[in-house]
Amino acid sequence: MLIYLQLGWRNLWLHPVRSALTAAALAVGMAALTFLSAMNDGWMQQIKGNFALTLTGHLQIHAAGFEQSRKLAQHIAEPDAIVQRIDGIAGIRQLVRRVRVSGLASSAGSNGGALIYGVEAADEREISRLAGFVQQGRWLLPDDVRGVVLGAGLADRLHVGLGDKVVLMASVSNGDIASEVFRVRGLLHSGVMDIDDLLAIIPLRMAQQWLGLGDAVTDIVIRADDFDTVDPLQQRLAQALQGQGLEILRWNDIDPMAQQWADFADAYTWVVLLIVILVVLAEVLNTMLMSLHERIREFGLMGAMGVRSSQLFVMVVWETMLLVMLGSLIGFLLGGGLAWWYGSRGIDLSQFAVAFSFMYMDPVIHPALQAASCLRILGAALIGALAAGLIPAWKAARLEPVEALREL
Amino acid sequence: MALIRADGLSKGYRSGDSLVRALDGVSLDVPQGAFVVLAGRSGSGKTTLLNMLGGLDRPDSGSLVVAGHDVLRMSRDERAAFRLHHLGFVFQAYNLIRVLTARENVAYVLQLRGMEKRQRLALADRWLAEVGLQGFEHRRPDQMSGGQQQRVAVARALAASPDLVLADEPTANLDSHTGANLIALMRHLNEQQGITFVTASHDPSVIAAARTLVTMQDGKIVDLREG
Ligand SMILES: Nc1ncnc2c1ncn2[C@@H]1O[C@H](COP(=O)(O)OP(=O)(O)OP(=O)(O)O)[C@@H](O)[C@H]1O
Ligand SMILES: [Mg+2]
């Protein structure tokens, strides 16, 4: 085994320029691939993170069927009991209660559909980024009885500004329409259209009274430690809350968009991966076939000496793998290093920020290579190396020593 | 008992309409310890016969037993193993693996035969000394003269203590002085160690060294002379 590695290594040095060029081509391809994957991973982390932290949280508990119906009649009557029941379950970093209802917002001159959220003003800061998006005025205070924070787009449609009055209307559990007057305390600007154009945020207490819910809420929103712990946490919650008539939904159940983005990006990196590997393989194959052709006599000689064709096969595969792995590793380290360098500094894409923020993206991307991507890239290089080695190896193994020896 | 027993070996090549009889019913017995030289004009079938004896080529008909093995019944891998354990080859030129040093070239065959590292390196050095190449152990083929390369090839062929060494025009690319030295070396090893050689050549100094001279013509043995 070792002798074939050694032979392979030295054979590569027989044509240092050719080998170096091939390895360099490989390295460039791999570096680009690695960096691109790191960008993509960084993006996806960001999009998922922003998405979950903007509004949905990692997990939500509702009365069963609420996400589908969005009817207030399907509420969690005793949220405190539920919170107590799940208190102490590992992996819950933070939770808040919310009331969520669709309704209508109207001002003196105009009206429009609104998504009304009743939130715990203080705790909400810990779980969502809503408070941080307030660009005019301020976030709700716990004693803001009739305060409302409006999405900037909604405020525009209603032609209202800070201090103006807005009437919110929604249908309550029994089907009646309830309405209440609020005063605009803050305007929020997230860049996410659904939020800016629809959201009207009021204090939870106020929402409960106004909508006749008592202590009931519609959502218990949970922030987990990170995305990897969401699935197991969901299972633990489901176990703890069995038979309570509740649904426990993950961020991607509530809105599949971010997941779809991630899946799309994933598919896209697979395609790029495939193209890079194919191009690189063509290059390696070419080099190896050339090298094989020059050494036909040597293979014949080895065959005559009693080297079995399977040994010749292995030798050529090793040599190819060595070349590919060398180039790939250099490229991987280069791309990884670049990703690491930019990972802490970030790549500023603020030129495109408007288009991006609606996908829950920050204007600065921090490449962050995930273990899964590393495995995928290195695995593809390895499989590619094997594949590129098979054809020349098969050719070498098939050589008849008598014929090979006639070549001079 | 004969080391080689060849009987009625024939081999034809079709080129266009005509059939070239590279070997035409060759029968030859070579005893253990012989020093056979195959002579004959270009195209007379020397290489074809040598390749056949080495299990590199198959005849169309005839039978062949080498060192007690029925070579023609063997599979490809069995023939490779047979060559590895019983034969040594020396060809006209480019006998060596380019990227290995003299010592590594010799040791490689020993490694293929499973010899442990320290032992095979020592043996390789001993054989290099035997062929007069002490101090050249770490040279690569392109750092040695043609004659030195051929001597490395002889050392490699002999290091594994084969039953039989097959040499095809080993002196053809050497000047006459160097060629004469090489053949003297082979002859010396034949006499000292009893190793059997079959060498194809039309080099007069090789023919002069023959203990058995076999002359071929048109794929047939036309003369066999004990010297
Ligand atoms: N693969 C082949 N295809 C066609 N003809 C072949 C082949 N190998 C050998 N021959 C023919 O067989 C005959 C014997 O060839 P061989 O190489 O054995 O001769 P030789 O005695 O070794 O000649 P030389 O002294 O030139 O090496 C020649 O006529 C040659 O052209
Ligand atoms: Mg010949």
# chains A, B, ... in the order shown; residues from 1 in each chain; ligands from 1

$ residues_near_ligand --ligand "ligand 2" --cutoff "9 Å" --atoms "only C-alpha atoms and all ligand atoms" --output "PDB file with C-alpha atoms, in the first residue's frame"
ATOM      1  CA  SER B  42      15.770  -9.907 -36.788  1.00  0.00           C
ATOM      2  CA  GLY B  43      12.270 -11.306 -37.002  1.00  0.00           C
ATOM      3  CA  SER B  44      13.362 -14.881 -36.508  1.00  0.00           C
ATOM      4  CA  GLY B  45      11.198 -15.286 -33.401  1.00  0.00           C
ATOM      5  CA  LYS B  46      13.620 -14.810 -30.506  1.00  0.00           C
ATOM      6  CA  THR B  47      11.516 -12.335 -28.558  1.00  0.00           C
ATOM      7  CA  THR B  48       8.356 -14.307 -29.204  1.00  0.00           C
ATOM      8  CA  LEU B  50      11.371 -15.635 -24.806  1.00  0.00           C
ATOM      9  CA  GLN B  92      16.795  -4.270 -23.986  1.00  0.00           C
ATOM     10  CA  ASP B 168      16.043  -9.990 -24.388  1.00  0.00           C
ATOM     11  CA  GLU B 169      18.895  -8.173 -26.117  1.00  0.00           C
ATOM     12  CA  ALA B 200      18.165 -13.524 -26.921  1.00  0.00           C
ATOM     13  CA  SER B 201      20.781 -11.550 -28.810  1.00  0.00           C
TER      14      SER B 201
END

$ select_by_dssp --residues "region 151-309 of chain A" --states "helix (DSSP H, G or I)" --output "number ranges by chain"
A: 152-158, 193-196, 204-210, 227-240, 251-254, 257-294, 296-305, 309

$ residues_around --residues "Asp24 (chain B)" --least-positions-apart "3" --cutoff "12 Å" --atoms "only C-alpha atoms" --output "list in words"
Asp7, Gly8, Leu9, Ser10, Lys11, Gly12, Tyr13, Leu19, Val20, Arg21, Ser27, Ser44, Gly45, Lys46, Thr48, Leu49, Pro59, Asp60, Ser61, Gly62, Met216, Gln217, Asp218, Gly219, Lys220, Ile221 and Val222 of chain B

$ interface_residues --of "chain A" --to "chain B" --cutoff "10 Å" --atoms "only C-alpha atoms" --output "PyMOL selection string"
chain A and resi 3+6-14+295+297-310+400-403+405+408

$ write_last_selection --atoms "N, CA, C and O atoms" --output "short mmCIF file (atom, residue, chain, number, x, y, z; two decimals), in the first residue's frame"
data_model
loop_
_atom_site.label_atom_id
_atom_site.label_comp_id
_atom_site.auth_asym_id
_atom_site.auth_seq_id
_atom_site.Cartn_x
_atom_site.Cartn_y
_atom_site.Cartn_z
N ILE A 3 3.94 1.57 -0.74
CA ILE A 3 4.78 1.71 -1.92
C ILE A 3 4.01 2.38 -3.05
O ILE A 3 4.56 3.17 -3.81
N GLN A 6 3.78 6.00 -2.42
CA GLN A 6 5.10 6.57 -2.69
C GLN A 6 5.33 6.68 -4.20
O GLN A 6 5.78 7.72 -4.69
N LEU A 7 5.00 5.60 -4.89
CA LEU A 7 5.15 5.62 -6.35
C LEU A 7 4.29 6.71 -6.95
O LEU A 7 4.72 7.45 -7.83
N GLY A 8 3.05 6.78 -6.47
CA GLY A 8 2.12 7.78 -6.98
C GLY A 8 2.66 9.18 -6.76
O GLY A 8 2.69 10.01 -7.67
N TRP A 9 3.14 9.41 -5.57
CA TRP A 9 3.67 10.73 -5.21
C TRP A 9 4.84 11.11 -6.11
O TRP A 9 4.90 12.19 -6.67
N ARG A 10 5.74 10.15 -6.29
CA ARG A 10 6.92 10.46 -7.11
C ARG A 10 6.56 10.62 -8.57
O ARG A 10 7.14 11.42 -9.28
N ASN A 11 5.59 9.83 -9.02
CA ASN A 11 5.17 9.98 -10.41
C ASN A 11 4.58 11.35 -10.66
O ASN A 11 4.73 11.91 -11.74
N LEU A 12 3.90 11.88 -9.64
CA LEU A 12 3.37 13.24 -9.80
C LEU A 12 4.51 14.24 -9.95
O LEU A 12 4.42 15.21 -10.68
N TRP A 13 5.60 13.95 -9.26
CA TRP A 13 6.76 14.85 -9.32
C TRP A 13 7.56 14.71 -10.61
O TRP A 13 8.44 15.50 -10.90
N LEU A 14 7.22 13.67 -11.38
CA LEU A 14 7.91 13.47 -12.66
C LEU A 14 7.60 14.64 -13.60
O LEU A 14 8.42 15.04 -14.42
N ARG A 295 3.73 6.14 -19.64
CA ARG A 295 4.33 5.09 -18.82
C ARG A 295 3.88 3.69 -19.23
O ARG A 295 4.06 2.75 -18.46
N ARG A 297 5.08 1.53 -21.15
CA ARG A 297 6.16 0.56 -21.09
C ARG A 297 6.46 0.16 -19.65
O ARG A 297 6.72 -1.00 -19.35
N GLU A 298 6.41 1.16 -18.78
CA GLU A 298 6.69 0.88 -17.37
C GLU A 298 5.64 -0.07 -16.78
O GLU A 298 5.96 -0.96 -15.99
N PHE A 299 4.40 0.14 -17.18
CA PHE A 299 3.35 -0.77 -16.71
C PHE A 299 3.59 -2.18 -17.24
O PHE A 299 3.41 -3.17 -16.53
N GLY A 300 4.01 -2.26 -18.52
CA GLY A 300 4.32 -3.55 -19.10
C GLY A 300 5.45 -4.23 -18.33
O GLY A 300 5.39 -5.43 -18.02
N LEU A 301 6.42 -3.43 -17.99
CA LEU A 301 7.57 -3.93 -17.24
C LEU A 301 7.13 -4.49 -15.89
O LEU A 301 7.53 -5.58 -15.48
N MET A 302 6.30 -3.72 -15.22
CA MET A 302 5.84 -4.17 -13.91
C MET A 302 5.02 -5.44 -14.03
O MET A 302 5.14 -6.37 -13.23
N GLY A 303 4.20 -5.49 -15.09
CA GLY A 303 3.42 -6.70 -15.33
C GLY A 303 4.34 -7.89 -15.55
O GLY A 303 4.12 -8.98 -15.01
N ALA A 304 5.41 -7.69 -16.35
CA ALA A 304 6.35 -8.77 -16.62
C ALA A 304 7.04 -9.22 -15.34
O ALA A 304 7.31 -10.40 -15.14
N MET A 305 7.30 -8.27 -14.46
CA MET A 305 7.97 -8.62 -13.20
C MET A 305 7.07 -9.43 -12.28
O MET A 305 7.55 -10.07 -11.34
N GLY A 306 5.77 -9.39 -12.55
CA GLY A 306 4.86 -10.19 -11.75
C GLY A 306 3.92 -9.36 -10.89
O GLY A 306 3.27 -9.89 -9.99
N VAL A 307 3.82 -8.07 -11.19
CA VAL A 307 2.82 -7.24 -10.51
C VAL A 307 1.46 -7.61 -11.09
O VAL A 307 1.29 -7.64 -12.30
N ARG A 308 0.51 -7.94 -10.23
CA ARG A 308 -0.81 -8.34 -10.71
C ARG A 308 -1.56 -7.11 -11.23
O ARG A 308 -1.32 -5.99 -10.81
N SER A 309 -2.50 -7.35 -12.15
CA SER A 309 -3.22 -6.21 -12.73
C SER A 309 -4.04 -5.49 -11.67
O SER A 309 -4.22 -4.28 -11.74
N SER A 310 -4.50 -6.22 -10.67
CA SER A 310 -5.24 -5.53 -9.61
C SER A 310 -4.33 -4.57 -8.84
O SER A 310 -4.75 -3.51 -8.39
N GLU A 400 -1.74 -5.59 -21.72
CA GLU A 400 -1.02 -6.85 -21.82
C GLU A 400 0.47 -6.51 -21.79
O GLU A 400 0.94 -5.71 -22.61
N PRO A 401 1.21 -7.11 -20.86
CA PRO A 401 2.63 -6.79 -20.78
C PRO A 401 3.36 -6.92 -22.11
O PRO A 401 4.16 -6.06 -22.47
N VAL A 402 3.07 -8.00 -22.88
CA VAL A 402 3.79 -8.18 -24.16
C VAL A 402 3.62 -6.98 -25.07
O VAL A 402 4.56 -6.53 -25.71
N GLU A 403 2.35 -6.48 -25.11
CA GLU A 403 2.11 -5.36 -26.01
C GLU A 403 2.69 -4.07 -25.44
O GLU A 403 3.28 -3.27 -26.16
N LEU A 405 5.20 -3.75 -23.61
CA LEU A 405 6.67 -3.74 -23.70
C LEU A 405 7.16 -3.38 -25.09
O LEU A 405 8.30 -2.94 -25.25
N LEU A 408 7.92 1.95 -27.19
CA LEU A 408 9.21 2.51 -26.77
C LEU A 408 9.16 4.02 -26.81
O LEU A 408 8.48 4.60 -27.60
#

$ atom_distance --atom1 "CA of Trp139 (chain A)" --atom2 "CA of Arg185 (chain A)"
7.2 Å

$ closest_residue --among "B:Asp223, B:Asp29, B:Asp203, B:Asp70" --to "ligand 1" --atoms "only C-alpha atoms and all ligand atoms"
B:Asp203

$ residues_around --residues "region 90-106 of chain A" --least-positions-apart "5" --cutoff "8 Å" --atoms "only C-alpha atoms" --output "PyMOL selection string"
chain A and resi 70-72+79+111-120+123-124+126-127+158+166-171+204+207-208+217-225+229+233

$ select_by_dssp --residues "chain B" --states "strand (DSSP E)" --output "JSON, numbers by chain"
{"B": [2, 3, 4, 5, 6, 7, 8, 9, 10, 11, 12, 13, 14, 15, 18, 19, 20, 21, 22, 23, 24, 25, 26, 27, 28, 29, 30, 31, 35, 36, 37, 38, 39, 40, 61, 62, 63, 64, 65, 66, 69, 70, 87, 88, 89, 90, 164, 165, 166, 167, 168, 196, 197, 198, 199, 200, 212, 213, 214, 215, 216, 217, 220, 221, 222, 223, 224, 225, 226]}

$ closest_residue --among "B:Val37, B:Val131, B:Ile207, B:Leu174" --to "Leu158 (chain B)" --atoms "only C-alpha atoms"
B:Val131

$ residues_around --residues "Pro204 (chain B)" --least-positions-apart "4" --cutoff "12 Å" --atoms "only C-alpha atoms" --output "ChimeraX atom specification"
/B:37-40,169,171-172,176-177,179-180,183,200,208-210,213

$ residues_around --residues "Met44 (chain A)" --least-positions-apart "2" --cutoff "8 Å" --atoms "only C-alpha atoms" --output "list in words"
Asn40, Asp41, Gly42, Gln46, Ile47, Lys48, Trp261, Ala262 and Ala265 of chain A

$ write_last_selection --atoms "N, CA and C atoms" --output "PDB file, in the first residue's frame"
ATOM      1  N   ASN A  40     -23.227  30.442   1.734  1.00  0.00           N
ATOM      2  CA  ASN A  40     -24.574  29.917   1.740  1.00  0.00           C
ATOM      3  C   ASN A  40     -25.003  29.478   3.135  1.00  0.00           C
ATOM      4  N   ASP A  41     -24.091  28.778   3.800  1.00  0.00           N
ATOM      5  CA  ASP A  41     -24.396  28.325   5.159  1.00  0.00           C
ATOM      6  C   ASP A  41     -24.639  29.522   6.069  1.00  0.00           C
ATOM      7  N   GLY A  42     -23.769  30.534   5.909  1.00  0.00           N
ATOM      8  CA  GLY A  42     -23.899  31.733   6.738  1.00  0.00           C
ATOM      9  C   GLY A  42     -25.240  32.409   6.510  1.00  0.00           C
ATOM     10  N   GLN A  46     -28.472  32.831   8.963  1.00  0.00           N
ATOM     11  CA  GLN A  46     -28.974  34.169   9.214  1.00  0.00           C
ATOM     12  C   GLN A  46     -30.471  34.256   8.913  1.00  0.00           C
ATOM     13  N   ILE A  47     -30.825  33.720   7.754  1.00  0.00           N
ATOM     14  CA  ILE A  47     -32.229  33.804   7.356  1.00  0.00           C
ATOM     15  C   ILE A  47     -33.107  33.053   8.351  1.00  0.00           C
ATOM     16  N   LYS A  48     -32.667  31.853   8.679  1.00  0.00           N
ATOM     17  CA  LYS A  48     -33.453  31.058   9.630  1.00  0.00           C
ATOM     18  C   LYS A  48     -33.523  31.764  10.977  1.00  0.00           C
ATOM     19  N   TRP A 261     -36.541  28.364   1.382  1.00  0.00           N
ATOM     20  CA  TRP A 261     -35.331  29.063   0.970  1.00  0.00           C
ATOM     21  C   TRP A 261     -34.103  28.204   1.235  1.00  0.00           C
ATOM     22  N   ALA A 262     -34.066  27.632   2.405  1.00  0.00           N
ATOM     23  CA  ALA A 262     -32.916  26.797   2.773  1.00  0.00           C
ATOM     24  C   ALA A 262     -32.810  25.605   1.831  1.00  0.00           C
ATOM     25  N   ALA A 265     -31.562  26.796  -1.534  1.00  0.00           N
ATOM     26  CA  ALA A 265     -30.131  27.094  -1.480  1.00  0.00           C
ATOM     27  C   ALA A 265     -29.324  25.800  -1.454  1.00  0.00           C
TER      28      ALA A 265
END
